[in-house]
$ cat data_5.cif   # mmCIF, C-alpha atoms
data_run
loop_
_atom_site.label_atom_id
_atom_site.label_comp_id
_atom_site.auth_asym_id
_atom_site.auth_seq_id
_atom_site.Cartn_x
_atom_site.Cartn_y
_atom_site.Cartn_z
CA MET A 1 -14.82 14.57 8.57
CA ASN A 2 -17.98 16.28 9.91
CA ASN A 3 -21.24 14.53 10.78
CA GLU A 4 -22.99 15.50 7.53
CA THR A 5 -20.18 14.00 5.46
CA LYS A 6 -20.20 10.83 7.55
CA GLU A 7 -23.96 10.48 7.09
CA ALA A 8 -23.64 11.04 3.33
CA VAL A 9 -20.90 8.40 3.07
CA ALA A 10 -22.96 5.95 5.18
CA GLU A 11 -26.00 6.51 2.95
CA LEU A 12 -23.89 5.95 -0.18
CA VAL A 13 -22.43 2.73 1.27
CA ASP A 14 -25.92 1.49 2.17
CA ALA A 15 -27.23 2.34 -1.31
CA VAL A 16 -24.37 0.48 -3.00
CA SER A 17 -24.85 -2.49 -0.65
CA ASP A 18 -28.60 -2.60 -1.38
CA ALA A 19 -28.00 -2.46 -5.13
CA ALA A 20 -25.37 -5.21 -4.91
CA GLY A 21 -27.76 -7.26 -2.79
CA GLU A 22 -30.39 -7.08 -5.52
CA VAL A 23 -27.84 -8.25 -8.06
CA VAL A 24 -26.47 -11.15 -5.99
CA ARG A 25 -29.97 -12.50 -5.30
CA HIS A 26 -30.82 -12.66 -9.00
CA LYS A 27 -31.48 -16.20 -10.23
CA TRP A 28 -28.87 -16.11 -12.99
CA ILE A 29 -26.20 -14.59 -10.76
CA ARG A 30 -26.71 -17.44 -8.29
CA ARG A 31 -26.41 -20.01 -11.06
CA LEU A 32 -23.29 -18.38 -12.45
CA SER A 33 -21.81 -18.17 -8.95
CA ARG A 34 -22.21 -21.91 -8.45
CA PHE A 35 -20.70 -22.52 -11.88
CA GLY A 36 -17.76 -20.35 -10.82
CA PHE A 37 -17.04 -22.68 -7.88
CA TYR A 38 -16.90 -25.66 -10.27
CA SER A 39 -14.40 -23.76 -12.45
CA LYS A 40 -12.26 -22.91 -9.43
CA GLY A 41 -12.40 -26.54 -8.28
CA LEU A 42 -11.25 -27.88 -11.64
CA LEU A 43 -8.35 -25.43 -11.70
CA PHE A 44 -6.98 -26.46 -8.30
CA ILE A 45 -7.41 -30.16 -9.06
CA ILE A 46 -5.23 -29.61 -12.14
CA ILE A 47 -2.57 -27.74 -10.12
CA GLY A 48 -2.54 -30.45 -7.45
CA ALA A 49 -2.37 -33.23 -10.03
CA ILE A 50 0.58 -31.59 -11.79
CA ALA A 51 2.38 -31.24 -8.44
CA LEU A 52 1.90 -34.96 -7.84
CA MET A 53 3.22 -35.66 -11.37
CA VAL A 54 6.36 -33.68 -10.52
CA VAL A 55 6.85 -35.78 -7.36
CA ALA A 56 6.33 -38.96 -9.39
CA GLY A 57 8.99 -37.82 -11.88
CA VAL A 58 6.70 -37.64 -14.91
CA HIS A 59 8.71 -36.34 -17.86
CA GLY A 60 8.01 -32.71 -18.71
CA ALA A 61 5.98 -32.01 -15.57
CA LYS A 62 6.84 -28.80 -13.71
CA MET A 63 5.29 -26.77 -10.93
CA VAL A 64 2.58 -24.37 -12.03
CA ASP A 65 0.47 -21.67 -10.47
CA GLN A 66 -3.07 -20.81 -11.56
CA ARG A 67 -1.97 -19.17 -14.82
CA GLY A 68 0.48 -21.96 -15.54
CA ALA A 69 -2.30 -24.53 -15.07
CA LEU A 70 -4.42 -22.69 -17.63
CA ALA A 71 -1.53 -22.74 -20.10
CA ALA A 72 -1.00 -26.47 -19.46
CA LEU A 73 -4.71 -27.11 -20.00
CA ALA A 74 -4.57 -25.34 -23.37
CA GLU A 75 -2.01 -27.90 -24.57
CA GLU A 76 -4.43 -30.80 -24.04
CA PRO A 77 -7.01 -32.02 -26.60
CA TYR A 78 -10.08 -29.76 -26.44
CA GLY A 79 -8.15 -27.69 -23.90
CA ARG A 80 -9.14 -24.39 -25.48
CA VAL A 81 -12.80 -25.41 -25.33
CA PHE A 82 -12.40 -25.92 -21.58
CA LEU A 83 -10.68 -22.54 -21.35
CA ILE A 84 -13.65 -20.84 -23.00
CA ILE A 85 -15.87 -22.39 -20.32
CA PHE A 86 -13.37 -21.34 -17.66
CA VAL A 87 -13.48 -17.71 -18.79
CA VAL A 88 -17.19 -17.64 -17.95
CA GLY A 89 -16.64 -19.45 -14.65
CA ALA A 90 -13.74 -17.24 -13.56
CA ALA A 91 -15.67 -14.07 -14.39
CA ALA A 92 -18.66 -15.40 -12.43
CA HIS A 93 -16.53 -16.36 -9.43
CA GLY A 94 -14.77 -13.00 -9.53
CA LEU A 95 -18.03 -11.06 -9.70
CA TRP A 96 -19.54 -13.07 -6.84
CA ASN A 97 -16.53 -12.45 -4.58
CA ILE A 98 -16.72 -8.71 -5.22
CA LEU A 99 -20.46 -8.75 -4.47
CA ARG A 100 -19.74 -10.91 -1.40
CA ALA A 101 -17.48 -8.18 -0.07
CA ILE A 102 -19.98 -5.38 -0.75
CA VAL A 103 -23.10 -7.15 0.53
CA ASP A 104 -21.30 -8.90 3.43
CA ILE A 105 -22.75 -12.29 2.59
CA ASP A 106 -20.63 -13.91 5.31
CA ASN A 107 -22.04 -11.56 7.99
CA LEU A 108 -18.60 -10.26 8.98
CA GLY A 109 -19.83 -6.83 10.07
CA ARG A 110 -18.13 -3.43 9.84
CA HIS A 111 -15.32 -3.65 12.39
CA TRP A 112 -11.84 -2.92 11.07
CA PHE A 113 -10.82 -6.60 10.88
CA SER A 114 -14.13 -7.48 9.20
CA ILE A 115 -13.57 -4.72 6.64
CA PHE A 116 -10.07 -6.11 6.06
CA LYS A 117 -11.47 -9.60 5.38
CA ARG A 118 -14.12 -8.16 3.06
CA CYS A 119 -11.37 -6.33 1.16
CA ILE A 120 -9.55 -9.66 0.77
CA ALA A 121 -12.74 -11.15 -0.72
CA ALA A 122 -12.88 -8.25 -3.21
CA MET A 123 -9.21 -8.78 -4.12
CA ILE A 124 -9.90 -12.49 -4.67
CA GLY A 125 -12.68 -11.41 -7.02
CA ILE A 126 -10.33 -9.12 -8.95
CA PHE A 127 -7.75 -11.94 -9.09
CA TYR A 128 -10.25 -14.35 -10.68
CA MET A 129 -11.32 -11.66 -13.13
CA GLY A 130 -7.65 -11.43 -14.08
CA LEU A 131 -7.43 -15.21 -14.44
CA GLY A 132 -10.40 -15.07 -16.80
CA LEU A 133 -8.56 -12.49 -18.91
CA SER A 134 -5.43 -14.68 -18.85
CA ALA A 135 -7.48 -17.63 -20.11
CA ALA A 136 -8.95 -15.45 -22.87
CA GLU A 137 -5.44 -14.36 -23.91
CA ILE A 138 -4.31 -17.99 -24.05
CA ILE A 139 -7.30 -18.88 -26.24
CA VAL A 140 -6.44 -16.26 -28.87
CA ALA A 141 -2.63 -16.57 -28.59
CA ALA A 142 -0.79 -18.32 -31.40
CA LYS A 143 1.71 -19.74 -28.92
CA VAL A 144 0.99 -20.78 -25.33
CA ASP A 145 3.40 -19.46 -22.71
CA LEU A 146 3.87 -22.09 -20.03
CA GLY A 147 5.64 -19.71 -17.64
CA SER A 148 4.22 -19.10 -14.18
CA SER A 149 4.51 -16.43 -11.50
CA GLN A 150 5.08 -13.73 -14.12
CA ALA A 151 2.40 -11.43 -12.74
CA GLU A 152 3.67 -11.78 -9.17
CA GLU A 153 7.29 -11.23 -10.21
CA THR A 154 6.35 -8.11 -12.21
CA PHE A 155 4.22 -6.80 -9.36
CA VAL A 156 7.06 -7.17 -6.85
CA SER A 157 9.59 -5.57 -9.21
CA VAL A 158 7.33 -2.55 -9.76
CA LEU A 159 6.53 -2.34 -6.05
CA LEU A 160 10.19 -2.30 -5.06
CA MET A 161 10.88 0.54 -7.49
CA ILE A 162 8.95 2.85 -5.12
CA PRO A 163 11.53 4.32 -2.72
CA VAL A 164 11.15 3.16 0.91
CA PHE A 165 7.38 2.72 0.75
CA GLY A 166 7.63 -0.05 -1.86
CA ALA A 167 9.80 -2.18 0.41
CA LEU A 168 7.55 -1.37 3.35
CA TRP A 169 4.44 -2.47 1.46
CA ALA A 170 6.16 -5.69 0.36
CA VAL A 171 6.87 -6.50 4.02
CA ILE A 172 3.31 -5.59 5.03
CA ILE A 173 1.89 -7.83 2.28
CA GLY A 174 4.19 -10.62 3.44
CA ILE A 175 3.09 -10.28 7.05
CA GLY A 176 -0.52 -10.21 5.88
CA LEU A 177 -0.03 -13.47 3.95
CA VAL A 178 1.58 -15.15 6.97
CA GLY A 179 -1.31 -13.91 9.13
CA ALA A 180 -3.78 -15.22 6.56
CA GLY A 181 -2.00 -18.58 6.79
CA PHE A 182 -2.59 -18.73 10.55
CA ASN A 183 -6.24 -17.80 9.97
CA GLU A 184 -6.57 -20.56 7.36
CA ILE A 185 -5.19 -23.31 9.56
CA TYR A 186 -7.41 -22.18 12.44
CA SER A 187 -10.47 -22.17 10.16
CA GLY A 188 -9.63 -25.65 8.89
CA LEU A 189 -8.79 -27.35 12.16
CA SER A 190 -11.65 -25.73 14.08
CA GLY A 191 -14.19 -26.34 11.32
CA ARG A 192 -15.10 -22.65 11.36
CA PHE A 193 -15.01 -22.54 7.53
CA ARG A 194 -18.27 -24.53 7.57
CA ASP A 195 -20.09 -21.48 9.00
CA THR A 196 -20.54 -20.23 5.44
CA TYR A 197 -22.38 -23.40 4.38
CA ARG A 198 -26.12 -23.96 4.44
CA ARG A 199 -25.79 -26.45 7.29
CA LEU A 200 -29.45 -27.51 7.30
CA SER A 201 -29.13 -28.64 3.67
CA LEU A 202 -26.01 -30.73 4.28
CA GLU A 203 -26.33 -34.47 4.00
CA SER A 204 -24.48 -36.21 6.85
CA ARG A 205 -22.11 -38.11 4.54
CA HIS A 206 -21.29 -34.90 2.68
CA ASP A 207 -20.74 -33.09 5.97
CA ARG A 208 -18.11 -35.65 6.98
CA SER A 209 -16.41 -35.34 3.57
CA ILE A 210 -16.39 -31.54 3.82
CA GLN A 211 -14.79 -31.70 7.28
CA ALA A 212 -12.04 -34.05 6.09
CA LEU A 213 -11.36 -32.09 2.89
CA GLY A 214 -11.39 -28.82 4.83
CA VAL A 215 -8.73 -29.91 7.33
CA LEU A 216 -6.34 -31.00 4.56
CA SER A 217 -7.16 -28.13 2.21
CA TYR A 218 -6.92 -25.30 4.73
CA SER A 219 -3.76 -26.72 6.36
CA VAL A 220 -1.96 -26.93 3.02
CA ARG A 221 -3.14 -23.46 2.01
CA ALA A 222 -1.85 -22.13 5.34
CA VAL A 223 1.65 -23.46 4.64
CA LEU A 224 1.68 -22.16 1.05
CA LEU A 225 0.47 -18.71 2.15
CA ALA A 226 3.17 -18.59 4.83
CA VAL A 227 5.86 -19.49 2.27
CA MET A 228 4.63 -16.83 -0.16
CA GLY A 229 4.53 -14.34 2.71
CA TYR A 230 8.16 -15.17 3.51
CA PHE A 231 9.11 -14.46 -0.13
CA PHE A 232 7.42 -11.05 0.04
CA ILE A 233 9.14 -10.19 3.33
CA LYS A 234 12.61 -11.11 2.04
CA ALA A 235 12.12 -9.54 -1.42
CA PRO A 236 13.31 -6.03 -0.37
CA PHE A 237 16.54 -7.56 0.94
CA ASP A 238 17.32 -9.51 -2.28
CA SER A 239 19.23 -7.85 -5.10
CA HIS A 240 17.27 -9.91 -7.62
CA PRO A 241 13.97 -11.11 -6.07
CA GLY A 242 12.56 -14.14 -7.84
CA PRO A 243 9.03 -15.47 -8.42
CA ILE A 244 6.64 -15.39 -5.48
CA GLY A 245 3.60 -17.30 -6.75
CA LEU A 246 2.07 -20.63 -5.86
CA ASP A 247 4.52 -22.53 -8.06
CA ALA A 248 7.47 -20.85 -6.32
CA ALA A 249 6.05 -21.89 -2.94
CA LEU A 250 5.74 -25.50 -4.12
CA LEU A 251 9.32 -25.43 -5.44
CA ALA A 252 10.49 -24.09 -2.08
CA LEU A 253 8.84 -27.04 -0.35
CA LEU A 254 10.44 -29.41 -2.86
CA ARG A 255 13.89 -28.14 -1.86
CA THR A 256 13.40 -28.94 1.83
CA GLY A 257 14.72 -32.09 3.51
CA PHE A 258 11.42 -33.93 3.02
CA GLY A 259 10.69 -32.17 -0.27
CA ARG A 260 8.88 -34.87 -2.21
CA THR A 261 6.75 -35.84 0.77
CA MET A 262 5.88 -32.20 1.44
CA VAL A 263 4.92 -31.54 -2.18
CA ALA A 264 2.93 -34.78 -2.34
CA ILE A 265 0.92 -33.61 0.69
CA ALA A 266 0.59 -30.14 -0.84
CA GLY A 267 -0.63 -31.65 -4.13
CA ALA A 268 -3.20 -33.74 -2.27
CA GLY A 269 -4.25 -30.61 -0.34
CA LEU A 270 -4.72 -28.60 -3.53
CA ILE A 271 -6.83 -31.40 -4.99
CA ALA A 272 -8.81 -31.41 -1.73
CA HIS A 273 -9.29 -27.66 -2.17
CA GLY A 274 -10.68 -28.30 -5.65
CA LEU A 275 -13.06 -30.98 -4.42
CA LEU A 276 -14.16 -28.72 -1.58
CA ALA A 277 -15.07 -26.08 -4.17
CA PHE A 278 -17.48 -28.61 -5.73
CA PHE A 279 -19.21 -28.95 -2.37
CA GLU A 280 -19.23 -25.16 -2.05
CA ALA A 281 -21.02 -24.97 -5.38
CA ARG A 282 -23.83 -27.03 -3.87
CA TYR A 283 -23.92 -25.94 -0.24
CA ARG A 284 -22.20 -22.53 0.03
CA ARG A 285 -24.38 -19.66 1.20
CA LEU A 286 -24.40 -17.35 -1.82
CA TRP A 287 -26.63 -14.52 -0.60
#

$ encode --input "data_5.cif" --output "structure tokens"
Amino acid sequence: MNNETKEAVAELVDAVSDAAGEVVRHKWIRRLSRFGFYSKGLLFIIIGAIALMVVAGVHGAKMVDQRGALAALAEEPYGRVFLIIFVVGAAAHGLWNILRAIVDIDNLGRHWFSIFKRCIAAMIGIFYMGLGLSAAEIIVAAKVDLGSSQAEETFVSVLLMIPVFGALWAVIIGIGLVGAGFNEIYSGLSGRFRDTYRRLSLESRHDRSIQALGVLSYSVRAVLLAVMGYFFIKAPFDSHPGPIGLDAALLALLRTGFGRTMVAIAGAGLIAHGLLAFFEARYRRLW
């Protein structure tokens, strides 16, 4: 790539970043972004609560991932009304994460690892856009499918159909998830995750709550990411790889020697993650 091409690409990147910056600073985008955090929080509280119900032996309760939680919500009174609201929130949260990656709201910079983390933010945005579509499908469906991990299982099956490179990418994704788990636990225990908050606006009592919720939330997420990473790494070596989603990770914990205790902690951590999202809606730096 010659210098002229590099300059042209740099100018294009700057132009896109400036345009995205104008969008993310718009009053209504900021409001929708905060609403998106509330939607995300509610979703993880539901997932964590269902996990605790499984531990408690509540009849009919089973592990769910994000899509499974939406399906479970649709079965409740006024559940579809909540799903309509969630569609808006998920779309808003997805859009904000994509803009976050483009504008570099978190001031990560342009080093290779920073670009990698910004790409993860964009993928999170795409994921929540997909969740919004899933919620919309559930709203219009005549019958609610309570299955979970279907998207992940399909993705892995398609990936492994690619000769050699499919298996290689599955292992790379797995290693990336394990690495993300280490990053999560470091962020939680060190309190580094609070760097994205508007610290001057934090009330002292809320700051203490955020610290406590962050340690539990990020530690649990680290374990779940590591388990999902392990599933991706071993998938190429299985003749029939199974589900790899959040629900599969919780089930894997349930099968360990201290299964119920582990899942109870995980459920509490997922609820903590949901509550932390409520604080993010109020204090997170959005632009």

$ closest_residue --input "data_5.cif" --among "A:Leu275, A:Ile138, A:Val55, A:Ala264" --to "Ser209 (chain A)" --atoms "only C-alpha atoms"
A:Leu275

$ closest_residue --input "data_5.cif" --among "A:Met63, A:Val24, A:Ala226, A:Ala141" --to "Asn183 (chain A)" --atoms "only C-alpha atoms"
A:Ala226

$ residues_around --input "data_5.cif" --residues "Ala235 (chain A)" --least-positions-apart "4" --cutoff "8 Å" --atoms "all atoms listed in the file" --output "JSON, numbers by chain"
{"A": [156, 167, 170, 231, 241, 242]}

$ atom_distance --input "data_5.cif" --atom1 "CA of Met228 (chain A)" --atom2 "CA of Ala248 (chain A)"
7.9 Å

$ residues_around --input "data_5.cif" --residues "Ala71 (chain A)" --least-positions-apart "3" --cutoff "12 Å" --atoms "only C-alpha atoms" --output "PyMOL selection string"
chain A and resi 43+46-47+64-68+74-76+79-80+82-83+131+134-141+143-148

$ closest_residue --input "data_5.cif" --among "A:Ala222, A:Leu202, A:Arg31, A:Arg260" --to "Gly57 (chain A)" --atoms "all atoms listed in the file"
A:Arg260

$ atom_distance --input "data_5.cif" --atom1 "CA of Gly188 (chain A)" --atom2 "CA of Gly267 (chain A)"
16.9 Å

$ residues_around --input "data_5.cif" --residues "His26 (chain A)" --least-positions-apart "6" --cutoff "12 Å" --atoms "all atoms listed in the file" --output "count of residues only"
8

$ resolve_selection --input "data_5.cif" --expression "the PyMOL selection byres ((chain A and resi 118-128) around 12)" --output "ChimeraX atom specification"
/A:33,36-37,39-40,43,66-67,86-117,129-135,151-152,173,176-177,180

$ residues_around --input "data_5.cif" --residues "Leu270 (chain A)" --least-positions-apart "5" --cutoff "10 Å" --atoms "only C-alpha atoms" --output "PyMOL selection string"
chain A and resi 41+43-49+51+213+216-218+220-221+264-265+275-276

$ atom_distance --input "data_5.cif" --atom1 "CA of Glu184 (chain A)" --atom2 "CA of Leu160 (chain A)"
27.7 Å

$ closest_residue --input "data_5.cif" --among "A:Val81, A:Leu200, A:Leu159, A:Ala61" --to "Ile172 (chain A)" --atoms "only C-alpha atoms"
A:Leu159

$ residues_around --input "data_5.cif" --residues "Tyr38 (chain A)" --least-positions-apart "3" --cutoff "7 Å" --atoms "only C-alpha atoms" --output "PyMOL selection string"
chain A and resi 34-35+41-42+277-278+281
